[in-house]
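J.: Dropping in my_file06.txt, which is compact mmCIF, C-alpha atoms:
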# COMPACT_ATOMS: atom_id res chain seq x y z
CA MET A 211 -1.36 49.72 -54.48
CA PHE A 212 -5.09 49.33 -55.09
CA VAL A 213 -4.96 45.73 -53.90
CA LEU A 214 -3.19 46.68 -50.69
CA LEU A 215 -5.67 49.45 -49.98
CA SER A 216 -8.64 47.21 -50.65
CA THR A 217 -7.22 44.48 -48.41
CA ALA A 218 -6.65 46.87 -45.49
CA GLU A 219 -10.07 48.45 -45.87
CA TRP A 220 -11.74 45.06 -46.22
CA ALA A 221 -10.04 43.84 -43.02
CA LEU A 222 -11.29 46.86 -41.08
CA ALA A 223 -14.78 46.52 -42.53
CA GLN A 224 -14.87 42.85 -41.58
CA GLY A 225 -13.87 43.76 -38.03
CA LEU A 226 -16.67 46.32 -37.85
CA LEU A 227 -19.20 43.88 -39.21
CA GLU A 228 -18.12 41.20 -36.75
CA ARG A 229 -18.04 43.41 -33.66
CA TYR A 230 -20.66 46.09 -34.33
CA ASN A 231 -24.13 46.66 -35.68
CA VAL A 232 -24.11 49.66 -38.02
CA THR A 233 -27.15 51.96 -37.89
CA ASN A 234 -27.82 55.12 -39.89
CA LEU A 235 -29.71 57.95 -38.20
CA ASP A 236 -30.71 60.20 -41.08
CA VAL A 237 -33.75 61.96 -42.54
CA ARG A 238 -35.26 58.59 -43.43
CA ALA A 239 -35.13 57.69 -39.73
CA GLY A 240 -36.66 60.98 -38.61
CA LEU A 241 -33.61 63.23 -38.26
CA PRO A 242 -34.50 66.77 -39.40
CA HIS A 243 -31.38 67.18 -41.56
CA ASN A 244 -28.45 65.07 -42.75
CA HIS A 245 -25.83 67.78 -42.19
CA VAL A 246 -24.77 66.97 -38.62
CA ASN A 247 -21.83 68.89 -37.16
CA GLY A 248 -21.95 67.88 -33.51
CA ILE A 249 -23.11 65.22 -31.04
CA PHE A 250 -23.28 65.61 -27.26
CA ALA A 251 -24.36 63.15 -24.55
CA ASP A 252 -25.86 64.80 -21.46
CA SER A 253 -25.82 63.56 -17.86
CA ARG A 254 -29.33 62.10 -18.18
CA GLY A 255 -28.47 59.79 -21.05
CA PHE A 256 -29.96 61.80 -23.90
CA VAL A 257 -27.98 62.52 -27.06
CA TRP A 258 -28.15 66.04 -28.47
CA ILE A 259 -27.54 66.55 -32.17
CA SER A 260 -26.53 69.86 -33.75
CA SER A 261 -27.00 70.43 -37.45
CA TYR A 262 -27.07 73.07 -40.14
CA GLY A 263 -30.58 73.05 -41.48
CA GLY A 264 -32.16 71.09 -38.64
CA GLY A 265 -31.08 73.07 -35.59
CA ALA A 266 -30.82 71.35 -32.20
CA VAL A 267 -32.45 67.96 -31.64
CA ARG A 268 -32.65 65.61 -28.64
CA TYR A 269 -32.58 61.87 -29.34
CA ASP A 270 -33.74 59.32 -26.75
CA GLY A 271 -32.91 56.21 -28.73
CA TYR A 272 -36.31 56.08 -30.40
CA THR A 273 -37.59 59.56 -31.26
CA TYR A 274 -36.29 63.05 -31.99
CA MET A 275 -37.46 66.09 -30.05
CA ARG A 276 -36.69 69.67 -31.03
CA PRO A 277 -36.79 72.08 -28.06
CA ASN A 278 -38.95 75.15 -28.57
CA LEU A 279 -36.25 77.72 -27.80
CA LYS A 280 -36.73 80.83 -29.88
CA THR A 281 -33.99 83.34 -30.70
CA ARG A 282 -34.19 87.03 -29.84
CA THR A 283 -35.94 87.59 -33.19
CA GLY A 284 -38.72 85.18 -32.20
CA SER A 285 -37.74 82.34 -34.51
CA ILE A 286 -36.17 78.94 -33.90
CA SER A 287 -32.66 78.80 -35.37
CA ASN A 288 -31.71 76.07 -37.83
CA SER A 289 -27.95 76.67 -37.53
CA CYS A 290 -26.85 74.90 -34.36
CA LYS A 291 -23.13 74.45 -33.64
CA GLY A 292 -22.86 72.51 -30.38
CA PHE A 293 -23.67 72.02 -26.71
CA ALA A 294 -22.26 72.04 -23.19
CA GLU A 295 -23.84 71.07 -19.87
CA ASP A 296 -22.91 72.85 -16.67
CA ARG A 297 -22.97 71.28 -13.20
CA HIS A 298 -26.41 72.72 -12.51
CA HIS A 299 -27.99 70.63 -15.29
CA ARG A 300 -28.40 73.48 -17.72
CA LEU A 301 -27.78 72.91 -21.39
CA TRP A 302 -25.93 75.70 -23.20
CA THR A 303 -26.55 75.59 -26.94
CA VAL A 304 -24.59 77.54 -29.55
CA TYR A 305 -26.29 78.93 -32.63
CA ASP A 306 -24.95 81.28 -35.26
CA GLU A 307 -27.14 84.00 -33.81
CA ASN A 308 -26.60 83.51 -30.07
CA VAL A 309 -26.35 81.11 -27.12
CA THR A 310 -29.41 79.76 -25.35
CA VAL A 311 -29.48 78.19 -21.88
CA MET A 312 -32.10 75.56 -21.10
CA ASP A 313 -33.15 74.11 -17.77
CA MET A 314 -32.97 70.35 -18.41
CA VAL A 315 -35.67 69.66 -15.81
CA THR A 316 -38.35 72.03 -17.12
CA MET A 317 -36.99 72.06 -20.72
CA GLY A 318 -37.57 75.81 -20.60
CA ARG A 319 -35.26 78.66 -21.47
CA THR A 320 -33.42 80.36 -18.60
CA VAL A 321 -30.73 82.97 -17.99
CA PRO A 322 -28.39 82.39 -15.01
CA ARG A 323 -28.51 85.22 -12.50
CA TYR A 324 -25.45 87.43 -12.15
CA GLY A 325 -25.75 89.56 -9.01
CA LYS A 326 -27.01 92.96 -10.07
CA GLY A 327 -25.81 92.36 -13.61
CA ASP A 328 -27.26 90.53 -16.58
CA ILE A 329 -25.48 88.13 -18.95
CA SER A 330 -28.20 88.31 -21.58
CA ARG A 331 -26.19 90.72 -23.70
CA LEU A 332 -23.27 88.27 -23.73
CA LEU A 333 -25.52 85.36 -24.68
CA ALA A 334 -26.96 87.45 -27.51
CA LYS A 335 -23.59 87.71 -29.27
CA GLU A 336 -22.91 85.70 -32.44
CA SER A 337 -21.10 82.69 -31.01
CA VAL A 338 -18.78 79.86 -31.99
CA ARG A 339 -18.51 77.41 -29.08
CA VAL A 340 -19.40 76.61 -25.46
CA TYR A 341 -17.41 74.24 -23.26
CA CYS A 342 -17.46 73.11 -19.61
CA ASP A 343 -14.04 72.46 -18.06
CA THR A 344 -13.12 69.99 -15.32
CA LYS A 345 -13.57 72.64 -12.62
CA GLY A 346 -17.15 73.35 -13.65
CA ALA A 347 -16.50 76.70 -15.35
CA LEU A 348 -18.35 77.41 -18.59
CA TRP A 349 -16.35 78.86 -21.52
CA HIS A 350 -18.18 80.88 -24.16
CA VAL A 351 -16.42 81.76 -27.41
CA THR A 352 -17.87 84.49 -29.62
CA ARG A 353 -16.55 85.83 -32.92
CA ASP A 354 -13.88 87.96 -31.27
CA SER A 355 -13.88 87.25 -27.53
CA ILE A 356 -13.80 84.43 -25.02
CA PHE A 357 -15.63 84.45 -21.68
CA ARG A 358 -15.29 82.19 -18.66
CA TYR A 359 -18.26 81.92 -16.29
CA THR A 360 -17.83 80.53 -12.77
CA PHE A 361 -20.85 79.71 -10.62
CA ASN A 362 -22.04 79.80 -7.04
CA ASP A 363 -23.59 76.76 -5.37
CA ASP A 364 -27.08 77.97 -6.28
CA GLY A 365 -26.18 78.16 -9.98
CA SER A 366 -25.89 81.93 -10.21
CA VAL A 367 -22.86 83.41 -11.94
CA ARG A 368 -20.06 84.29 -9.53
CA HIS A 369 -17.57 85.89 -11.90
CA ILE A 370 -16.98 86.46 -15.60
CA SER A 371 -13.44 86.58 -16.99
CA ALA A 372 -12.85 87.73 -20.55
CA ALA A 373 -10.25 88.25 -23.24
CA ALA A 374 -10.21 89.19 -26.92
CA TYR A 375 -8.68 87.00 -29.61
CA ARG A 376 -7.89 87.10 -33.29
CA GLY A 377 -8.95 84.11 -35.34
CA ASN A 378 -8.67 83.16 -39.00
CA THR A 379 -10.64 79.90 -38.97
CA PRO A 380 -14.35 79.06 -39.28
CA ASP A 381 -14.42 77.60 -35.78
CA ILE A 382 -12.44 77.68 -32.53
CA ASN A 383 -11.79 74.43 -30.68
CA ILE A 384 -10.98 74.46 -26.96
CA ARG A 385 -10.11 71.64 -24.55
CA ASP A 386 -9.13 71.35 -20.89
CA ILE A 387 -6.13 69.21 -21.82
CA ASP A 388 -4.36 69.67 -18.47
CA GLN A 389 -7.53 68.82 -16.51
CA ASN A 390 -7.05 71.82 -14.24
CA GLY A 391 -9.53 74.42 -15.44
CA THR A 392 -7.27 76.01 -18.05
CA ILE A 393 -7.88 75.44 -21.75
CA TRP A 394 -5.84 74.99 -24.90
CA MET A 395 -7.03 77.28 -27.67
CA SER A 396 -5.81 77.90 -31.20
CA VAL A 397 -5.83 81.48 -32.47
CA VAL A 398 -4.17 83.22 -35.39
CA ASP A 399 -0.81 83.34 -33.60
CA GLY A 400 -0.75 79.64 -32.67
CA LEU A 401 -1.85 77.21 -29.99
CA PHE A 402 -1.93 78.70 -26.48
CA ARG A 403 -2.93 77.83 -22.93
CA VAL A 404 -5.61 80.22 -21.63
CA CYS A 405 -5.49 80.76 -17.85
CA ASP A 406 -7.63 82.70 -15.43
CA ILE A 407 -5.13 84.87 -13.53
CA GLY A 408 -6.67 87.05 -10.85
CA GLY A 409 -10.01 87.16 -12.62
CA ARG A 410 -8.50 87.97 -16.03
CA LEU A 411 -7.87 85.61 -18.93
CA GLU A 412 -4.30 85.47 -20.19
CA TYR A 413 -2.65 83.59 -23.07
CA ARG A 414 0.44 81.57 -22.17
CA GLU A 415 2.83 79.81 -24.54
CA ILE A 416 2.63 76.03 -24.19
CA ALA A 417 5.91 75.02 -25.85
CA PRO A 418 8.17 76.36 -28.65
CA ALA A 419 7.65 73.10 -30.57
CA LEU A 420 3.99 73.99 -31.11
CA SER A 421 4.95 77.09 -33.11
CA GLN A 422 4.81 74.79 -36.16
CA LEU A 423 1.03 74.90 -35.85
CA ARG A 424 0.85 78.65 -36.35
CA GLY A 425 -1.65 79.49 -39.07
CA LEU A 426 -3.25 76.05 -39.10
CA TYR A 427 -6.88 75.32 -38.32
CA VAL A 428 -6.86 73.15 -35.19
CA THR A 429 -10.05 71.10 -35.36
CA ASP A 430 -9.67 68.94 -32.24
CA LEU A 431 -7.40 68.19 -29.28
CA LEU A 432 -7.12 64.96 -27.28
CA ARG A 433 -4.90 63.63 -24.51
CA ARG A 434 -3.93 59.98 -24.91
CA GLY A 435 -1.60 58.75 -22.21
CA ASN A 436 1.27 61.23 -22.05
CA ASP A 437 0.78 62.51 -25.58
CA ILE A 438 -1.44 65.28 -26.92
CA TRP A 439 -3.02 64.57 -30.30
CA ILE A 440 -3.90 67.54 -32.49
CA SER A 441 -6.02 67.32 -35.64
CA THR A 442 -5.72 70.11 -38.19
CA ASN A 443 -6.61 71.00 -41.76
CA GLN A 444 -3.07 70.03 -42.75
CA GLY A 445 -2.50 66.70 -41.07
CA LEU A 446 -2.53 65.01 -37.68
CA TYR A 447 0.06 65.91 -35.03
CA VAL A 448 1.15 64.33 -31.77
CA TYR A 449 2.93 66.41 -29.13
CA ASP A 450 5.16 64.80 -26.50
CA PRO A 451 5.25 67.30 -23.60
CA TYR A 452 8.09 65.50 -21.79
CA ASN A 453 10.50 65.67 -24.72
CA SER A 454 8.85 68.76 -26.26
CA THR A 455 8.67 67.14 -29.69
CA LEU A 456 5.99 67.32 -32.36
CA ARG A 457 5.43 64.55 -34.92
CA SER A 458 3.04 64.62 -37.84
CA TYR A 459 0.97 62.17 -39.89
CA ARG A 460 0.01 63.05 -43.45
CA HIS A 461 -1.79 61.44 -46.33
CA THR A 462 0.63 59.77 -48.75
CA ALA A 463 0.58 57.14 -51.47
CA ASP A 464 0.96 54.51 -48.73
CA PRO A 465 -2.49 52.91 -48.28
CA ARG A 466 -1.80 52.67 -44.54
CA SER A 467 -1.33 56.43 -44.15
CA LEU A 468 -3.92 58.93 -42.94
CA SER A 469 -6.82 58.85 -45.41
CA HIS A 470 -6.90 62.66 -45.83
CA ASP A 471 -4.79 65.58 -44.62
CA TYR A 472 -7.89 67.37 -43.33
CA ALA A 473 -8.46 65.66 -39.96
CA THR A 474 -11.65 66.82 -38.27
CA SER A 475 -12.16 64.94 -35.01
CA LEU A 476 -10.45 62.69 -32.45
CA ALA A 477 -11.78 60.09 -30.03
CA LEU A 478 -10.70 57.10 -27.95
CA THR A 479 -12.56 53.81 -27.94
CA SER A 480 -13.45 52.16 -24.64
CA ASP A 481 -10.30 50.03 -24.97
CA GLY A 482 -8.05 53.02 -25.71
CA ARG A 483 -7.69 52.86 -29.50
CA LEU A 484 -7.27 56.19 -31.30
CA LEU A 485 -9.94 57.15 -33.83
CA VAL A 486 -9.44 59.96 -36.34
CA GLY A 487 -12.22 61.47 -38.42
CA THR A 488 -11.21 63.02 -41.74
CA LEU A 489 -12.80 64.28 -44.95
CA ARG A 490 -12.16 60.78 -46.26
CA GLY A 491 -13.82 58.68 -43.58
CA LEU A 492 -12.69 57.11 -40.31
CA CYS A 493 -9.11 56.06 -39.50
CA VAL A 494 -8.04 53.71 -36.69
CA LEU A 495 -4.45 53.89 -35.49
CA ASP A 496 -2.53 50.60 -35.30
CA ASP A 497 -0.09 51.21 -32.45
CA GLN A 498 2.13 48.27 -33.36
CA THR A 499 2.83 49.46 -36.90
CA ASP A 500 2.13 53.19 -36.38
CA THR A 501 -0.15 53.08 -39.42
CA PHE A 502 -3.86 53.49 -40.03
CA GLN A 503 -6.74 51.32 -41.15
CA CYS A 504 -9.37 53.43 -42.86
CA TRP A 505 -13.09 53.05 -43.44
CA ASN A 506 -14.79 55.15 -46.11
CA SER A 507 -17.32 55.03 -48.92
CA SER A 508 -14.94 52.99 -51.07
CA THR A 509 -14.44 50.19 -48.55
CA PRO A 510 -15.48 46.87 -50.13
CA GLY A 511 -18.22 44.93 -48.41
CA CYS A 512 -19.17 47.63 -45.90
CA PRO A 513 -18.96 51.11 -47.45
CA MET A 514 -19.32 54.09 -45.16
CA ALA A 515 -22.46 56.14 -45.84
CA SER A 516 -20.50 59.42 -46.03
CA ASP A 517 -16.82 60.32 -46.16
CA PHE A 518 -17.22 63.77 -44.62
CA VAL A 519 -16.84 63.23 -40.88
CA HIS A 520 -17.53 66.23 -38.64
CA GLN A 521 -17.32 64.71 -35.17
CA LEU A 522 -16.72 61.43 -33.35
CA LEU A 523 -18.38 60.57 -30.04
CA VAL A 524 -17.63 57.45 -28.01
CA TYR A 525 -20.58 56.93 -25.69
CA GLY A 526 -20.08 53.87 -23.53
CA HIS A 527 -19.15 51.17 -26.01
CA GLN A 528 -20.93 52.88 -28.89
CA LEU A 529 -19.33 55.02 -31.59
CA TRP A 530 -21.36 57.89 -33.04
CA ILE A 531 -20.08 59.50 -36.25
CA ALA A 532 -21.52 62.87 -37.30
CA THR A 533 -21.32 63.36 -41.07
CA GLU A 534 -22.09 66.13 -43.52
CA THR A 535 -24.32 64.21 -45.91
CA ALA A 536 -25.56 61.05 -44.17
CA GLY A 537 -26.64 62.19 -40.70
CA ILE A 538 -25.18 59.98 -37.97
CA ILE A 539 -23.57 56.59 -38.38
CA LYS A 540 -23.89 54.66 -35.12
CA LEU A 541 -21.83 51.57 -34.32
CA SER A 542 -23.17 49.44 -31.45
CA PRO A 543 -21.45 46.30 -30.11
CA LYS A 544 -23.26 43.11 -30.97
CA PRO A 545 -24.65 41.47 -27.82
CA LEU A 546 -23.45 38.06 -28.98
CA MET A 547 -20.61 37.22 -31.35
CA LEU A 548 -20.65 33.84 -33.08
CA ARG A 549 -17.94 32.45 -35.30
CA ASN A 550 -18.57 29.13 -37.00
CA TYR A 551 -15.80 26.73 -38.00
CA VAL A 552 -16.95 24.17 -40.57
CA ASN A 553 -15.40 21.92 -43.17
CA ASP A 554 -15.14 23.44 -46.63
CA PRO A 555 -14.67 20.75 -49.29
CA ARG A 556 -13.09 23.36 -51.56
CA ASP A 557 -10.47 24.21 -48.95
CA PRO A 558 -8.13 21.32 -48.07
CA ARG A 559 -7.02 23.19 -44.95
CA SER A 560 -10.44 23.87 -43.45
CA LEU A 561 -11.78 22.05 -40.36
CA SER A 562 -11.72 18.26 -40.71
CA PRO A 563 -14.99 16.85 -42.11
CA HIS A 564 -17.97 15.14 -40.45
CA PRO A 565 -19.77 15.87 -37.16
CA VAL A 566 -17.89 17.13 -34.11
CA ASN A 567 -18.23 14.58 -31.33
CA ALA A 568 -15.65 15.68 -28.73
CA MET A 569 -14.20 18.98 -27.51
CA ARG A 570 -11.88 20.04 -24.71
CA VAL A 571 -10.53 23.39 -23.58
CA GLU A 572 -7.27 23.54 -21.63
CA PRO A 573 -6.81 26.07 -18.81
CA ASP A 574 -4.58 28.14 -21.12
CA GLY A 575 -7.36 28.36 -23.71
CA THR A 576 -6.10 25.67 -26.10
CA LEU A 577 -9.08 24.08 -27.86
CA TRP A 578 -9.10 20.42 -28.97
CA VAL A 579 -11.82 19.25 -31.38
CA GLY A 580 -12.46 15.69 -32.47
CA THR A 581 -14.67 14.83 -35.46
CA VAL A 582 -16.19 11.54 -36.66
CA GLU A 583 -13.72 9.95 -39.12
CA GLY A 584 -12.07 13.37 -39.37
CA GLY A 585 -9.46 13.32 -36.66
CA LEU A 586 -8.09 15.70 -34.05
CA ASN A 587 -7.94 19.47 -34.41
CA ARG A 588 -6.23 21.95 -32.09
CA MET A 589 -6.47 25.75 -31.71
CA VAL A 590 -3.97 27.73 -29.63
CA ASN A 591 -4.37 31.44 -28.85
CA GLY A 592 -6.91 31.83 -31.61
CA GLN A 593 -4.65 30.25 -34.23
CA TRP A 594 -4.47 26.68 -35.41
CA SER A 595 -1.22 24.69 -35.72
CA MET A 596 -0.34 21.16 -36.88
CA VAL A 597 0.24 18.57 -34.17
CA ASN A 598 2.06 15.30 -35.00
CA GLY A 599 0.73 15.19 -38.54
CA GLN A 600 -2.90 15.39 -37.42
CA TRP A 601 -5.56 17.79 -38.59
CA SER A 602 -4.84 21.20 -37.08
CA MET A 603 -5.16 24.82 -37.99
CA VAL A 604 -2.59 27.59 -38.65
CA ASN A 605 -3.78 31.16 -39.24
CA GLY A 606 -7.36 29.98 -39.63
CA GLN A 607 -6.63 26.89 -41.76
CA TRP A 608 -6.85 23.25 -40.80
CA SER A 609 -4.73 20.12 -41.43
CA MET A 610 -5.70 16.25 -40.78
CA ALA A 611 -5.84 12.93 -38.47
CA LYS A 612 -8.03 9.91 -37.72
CA ARG A 613 -11.42 9.59 -36.14
CA VAL A 614 -11.57 10.79 -32.53
CA ASP A 615 -14.42 9.69 -30.25
CA THR A 616 -13.24 11.06 -26.89
CA LEU A 617 -10.57 13.33 -25.47
CA SER A 618 -9.25 12.56 -21.98
CA THR A 619 -6.27 12.01 -19.68
CA GLY A 620 -5.59 8.30 -19.62
CA ARG A 621 -8.95 6.65 -20.22
CA PRO A 622 -11.53 7.17 -22.97
CA THR A 623 -13.96 9.40 -21.09
CA ILE A 624 -14.72 12.99 -21.85
CA GLN A 625 -15.14 13.93 -18.18
CA ASP A 626 -11.42 13.95 -17.36
CA TRP A 627 -8.85 16.56 -18.31
CA PRO A 628 -5.03 16.26 -18.56
CA THR A 629 -2.94 17.13 -15.55
CA THR A 630 0.24 17.21 -17.64
CA PRO A 631 0.58 20.43 -19.67
CA CYS A 632 0.43 20.13 -23.48
CA ARG A 633 -0.63 16.44 -23.39
CA CYS A 634 -4.00 15.26 -24.70
CA TRP A 635 -5.15 11.62 -24.97
CA ARG A 636 -7.52 10.57 -27.73
CA ALA A 637 -9.54 7.37 -28.06
CA THR A 638 -10.44 6.14 -31.54
CA VAL A 639 -12.72 3.40 -32.83
CA THR A 640 -10.29 1.72 -35.24
CA GLY A 641 -6.94 3.22 -34.37
CA GLY A 642 -6.59 2.56 -30.65
CA CYS A 643 -5.55 5.24 -28.21
CA GLY A 644 -2.93 7.98 -28.60
With the file now loaded, output its structure as structure tokens.

T.:
Amino acid sequence: MFVLLSTAEWALAQGLLERYNVTNLDVRAGLPHNHVNGIFADSRGFVWISSYGGGAVRYDGYTYMRPNLKTRTGSISNSCKGFAEDRHHRLWTVYDENVTVMDMVTMGRTVPRYGKGDISRLLAKESVRVYCDTKGALWHVTRDSIFRYTFNDDGSVRHISAAAYRGNTPDINIRDIDQNGTIWMSVVDGLFRVCDIGGRLEYREIAPALSQLRGLYVTDLLRRGNDIWISTNQGLYVYDPYNSTLRSYRHTADPRSLSHDYATSLALTSDGRLLVGTLRGLCVLDDQTDTFQCWNSSTPGCPMASDFVHQLLVYGHQLWIATETAGIIKLSPKPLMLRNYVNDPRDPRSLSPHPVNAMRVEPDGTLWVGTVEGGLNRMVNGQWSMVNGQWSMVNGQWSMAKRVDTLSTGRPTIQDWPTTPCRCWRATVTGGCG
């Protein structure tokens, strides 16, 4: 079992090393604190980092800036929980003590106008989360209530809808899963859809199948295609709304299972792969096998700096991982990927020996390589296979032929290319032409 786990983890680590540069943003790099619980990318390209112990920090790719936004007691809070940006370029920041609103142009504190009223008393409440839905409304979750702010064109508050809730978890996660201005929210009685009906917030049942989640701590929600993925403190779930079914993924003795039952965050890569953060590192779903490859502090060759993942953020082609003890782990695509194929005297199935002196690429991507006194090698679809007893490669290993000086289509020049599919002519010094 240990060998299987190590092999799977090593394969994932090798993929990360090949495709990404791994950078740690921690106290050694200037981050105020290593306990990071949230990451948010604003519309201007800055990344905002929330932490316990370091408060709110803005990162521009080089330096960290802490906004001078004092609480109602006159101090700057060190217990930041997260951010949301409204359509008027104001940053709403959640602290244990309250919510602050900052004008992102002046970087100064502001309070949106509300007719003859004042929302300051609502912002002063001990809060849990802020979130901007697809319709531009701002949701504000306090310890016992949820508020929905809608805005006029000038940025002033048009209307505030509210409802009470009962929670039994340290945090409340909300998402506009339906992309219509309603949110999914988990409370003590289960997972519900919260709708604004006539200016009042109402809880609506989503589906009977989701009653299985009652009492669980829902840490994140994500739509992927037609399915809704739900991470909880007791496993990962996927809800199929068309068939109204709920499947689960749990940690088992199988090394390809979820690395830990406590799943904390969900994200999609730029090419649509599902990422799951847990208390035992990062898991990547393999859709073909319906299993996971996991990266954590025990991964050989490329150990993860911290197993305790709080949040995942895919920003462009970058992956940002907020951790509890190692700050942020940032994975950035390498601008250039090089893979060298050389002869290994210790491996009888490596590339044929001696210098490469001829290469051709067919329209379908098949690569032909000729080496001095080494013979002809062929690669098809990224894998090598033996051709007529010559040197070739299967699954990354080579086999052998004679010296090849040119590759062509009927005469020994390298300028021509075959017009007949799957036929390659080779000219040799001592062995004629084949």

J.: I'd like to know which of A:Leu522, A:Ile416, A:Val582, A:Leu489 is closest to Asn506 in chain A, using only C-alpha atoms.

T.: A:Leu489

J.: Please list as a list in words every residue within 9 Å of Leu426 in chain A, counting only C-alpha atoms and excluding residues in the same chain fewer than 6 positions away.

T.: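 In the requested format, the answer is Asn378, Thr379, Ser396, Val397, Val398, Gly400, Thr442, Asn443 and Gln444 of chain A.
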
J.: If I take CA of Arg460 in chain A and CA of Ile249 in chain A, how far is one from the other in Å, to one decimal?

T.: 26.3 Å

J.: So the first atom is CA of Asp437 in chain A and the second is CA of Leu476 in chain A; what is the distance between them in Å, to one decimal place?

T.: 13.2 Å

J.: Closest to Glu572 in chain A among A:His520, A:Lys544, A:Arg588, A:Arg323, using all atoms listed in the file?

T.: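 Counting all atoms listed in the file, the residue closest to Glu572 in chain A is A:Arg588.
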
J.: Which residue, A:Tyr359, A:Ala239, A:Ala419, A:Gly365, has the smallest gap to Arg300 in chain A when you use all atoms listed in the file?

T.: A:Gly365

J.: Find, counting all atoms listed in the file, the residue in A:Arg368, A:Arg385, A:Arg414, A:Arg376 that gets nearest to Cys342 in chain A.

T.: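 Closest to Cys342 in chain A, using all atoms listed in the file: A:Arg385.
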
J.: Go through A:Phe293, A:Trp530, A:Phe250, A:Tyr427 one by one, measure the shortest atom-to-atom distance of each to Leu235 in chain A using all atoms listed in the file, and give the residue with the smallest value.

T.: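 Of A:Phe293, A:Trp530, A:Phe250, A:Tyr427, the one nearest Leu235 in chain A, counting all atoms listed in the file, is A:Trp530.
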